[in-house]
Amino acid sequence: MALRLTLGAGQVMADHYGFIPLTRCELFHLRLRFSPTRPPAGVWLLDGVPPRTADDDPAGLPSLNLDAVGESLLTFPAPREGRSHGACWRF
């Protein structure tokens with residue numbers, strides 16, 4: 001299954017995306033894509049953290065790098081039920 005989120009003109013997205021499985025999941029892939037001309041100041045990994053961690057100061061979370069076109073591909077094998085897997089960012 002794949003899900004693609006695209007924002008329309010003038011729409012604002014939250015500064016995080018987290019997948020929180022409620023049942024067993026074998027694998028989760030997340031591709032982050034930002035404008036290469038306006039990348040965020042920082043991107044951090046959410047790897048099995050409590051769900052509301054994305055709302056906290058990201059200091060202490062592992063940082064992520066974006067490639068030359070503003071993307072990062074994350075893979076979470078067997079994500080933990082009830083925990084957040086994804087990323088948060090700040091502009």
# chains A, B, ... in the order shown; residues from 1 in each chain; ligands from 1
>>> select_by_dssp(residues="stretch 7-87 of chain A", states="strand (DSSP E or B)", output="MDAnalysis selection string")
chainID A and resid 16:19 27:33 42:49 63 71:77 84:87
>>> closest_atom_pairs(of="stretch 2-42 of chain A", to="stretch 71-81 of chain A", cutoff="9 Å", atoms="only C-alpha atoms", output="tab-separated table")
residue	atom	partner	partner_atom	distance
A:Phe19	CA	A:Pro79	CA	8.7
A:Ile20	CA	A:Glu81	CA	6.7
A:Pro21	CA	A:Glu81	CA	4.9
A:Leu22	CA	A:Glu81	CA	5.2
A:Thr23	CA	A:Glu81	CA	6.1
A:Arg24	CA	A:Glu81	CA	6.6
A:Cys25	CA	A:Ala78	CA	5.7
A:Glu26	CA	A:Ala78	CA	4.5
A:Leu27	CA	A:Pro77	CA	4.5
A:Phe28	CA	A:Phe76	CA	5.1
A:His29	CA	A:Thr75	CA	4.6
A:Leu30	CA	A:Leu74	CA	5.1
A:Arg31	CA	A:Leu73	CA	4.4
A:Leu32	CA	A:Ser72	CA	5.2
A:Arg33	CA	A:Glu71	CA	4.4
A:Phe34	CA	A:Glu71	CA	6.3
A:Ser35	CA	A:Glu71	CA	8.6
A:Pro36	CA	A:Glu71	CA	8.4
>>> atom_distance(atom1="atom CA of A:Ala9", atom2="atom CA of A:Leu66")
23.3 Å
>>> closest_atom_pairs(of="stretch 6-48 of chain A", to="stretch 60-65 of chain A", cutoff="7 Å", atoms="only C-alpha atoms", output="JSON lines")
{"residue": "A:Val43", "atom": "CA", "partner": "A:Leu64", "partner_atom": "CA", "distance": 5.3}
{"residue": "A:Trp44", "atom": "CA", "partner": "A:Ser63", "partner_atom": "CA", "distance": 4.3}
{"residue": "A:Leu45", "atom": "CA", "partner": "A:Pro62", "partner_atom": "CA", "distance": 5.5}
>>> atom_distance(atom1="atom CA of A:Tyr17", atom2="atom CA of A:Gly86")
5.6 Å
>>> closest_residue(among="A:Leu3, A:Arg83, A:Thr37, A:Arg90", to="A:Pro58", atoms="only C-alpha atoms")
A:Arg90
>>> residues_around(residues="A:Asp15", least_positions_apart="4", cutoff="9 Å", atoms="only C-alpha atoms", output="number ranges by chain")
A: 54-55, 87-91
>>> closest_residue(among="A:Gly82, A:Gly18, A:Gly70, A:Gly8", to="A:Pro40", atoms="only C-alpha atoms")
A:Gly70
>>> atom_distance(atom1="atom CA of A:Pro50", atom2="atom CA of A:Val12")
24.0 Å
>>> closest_residue(among="A:Ala2, A:Leu7, A:Ala59, A:Ser84", to="A:Leu46", atoms="only C-alpha atoms")
A:Ser84
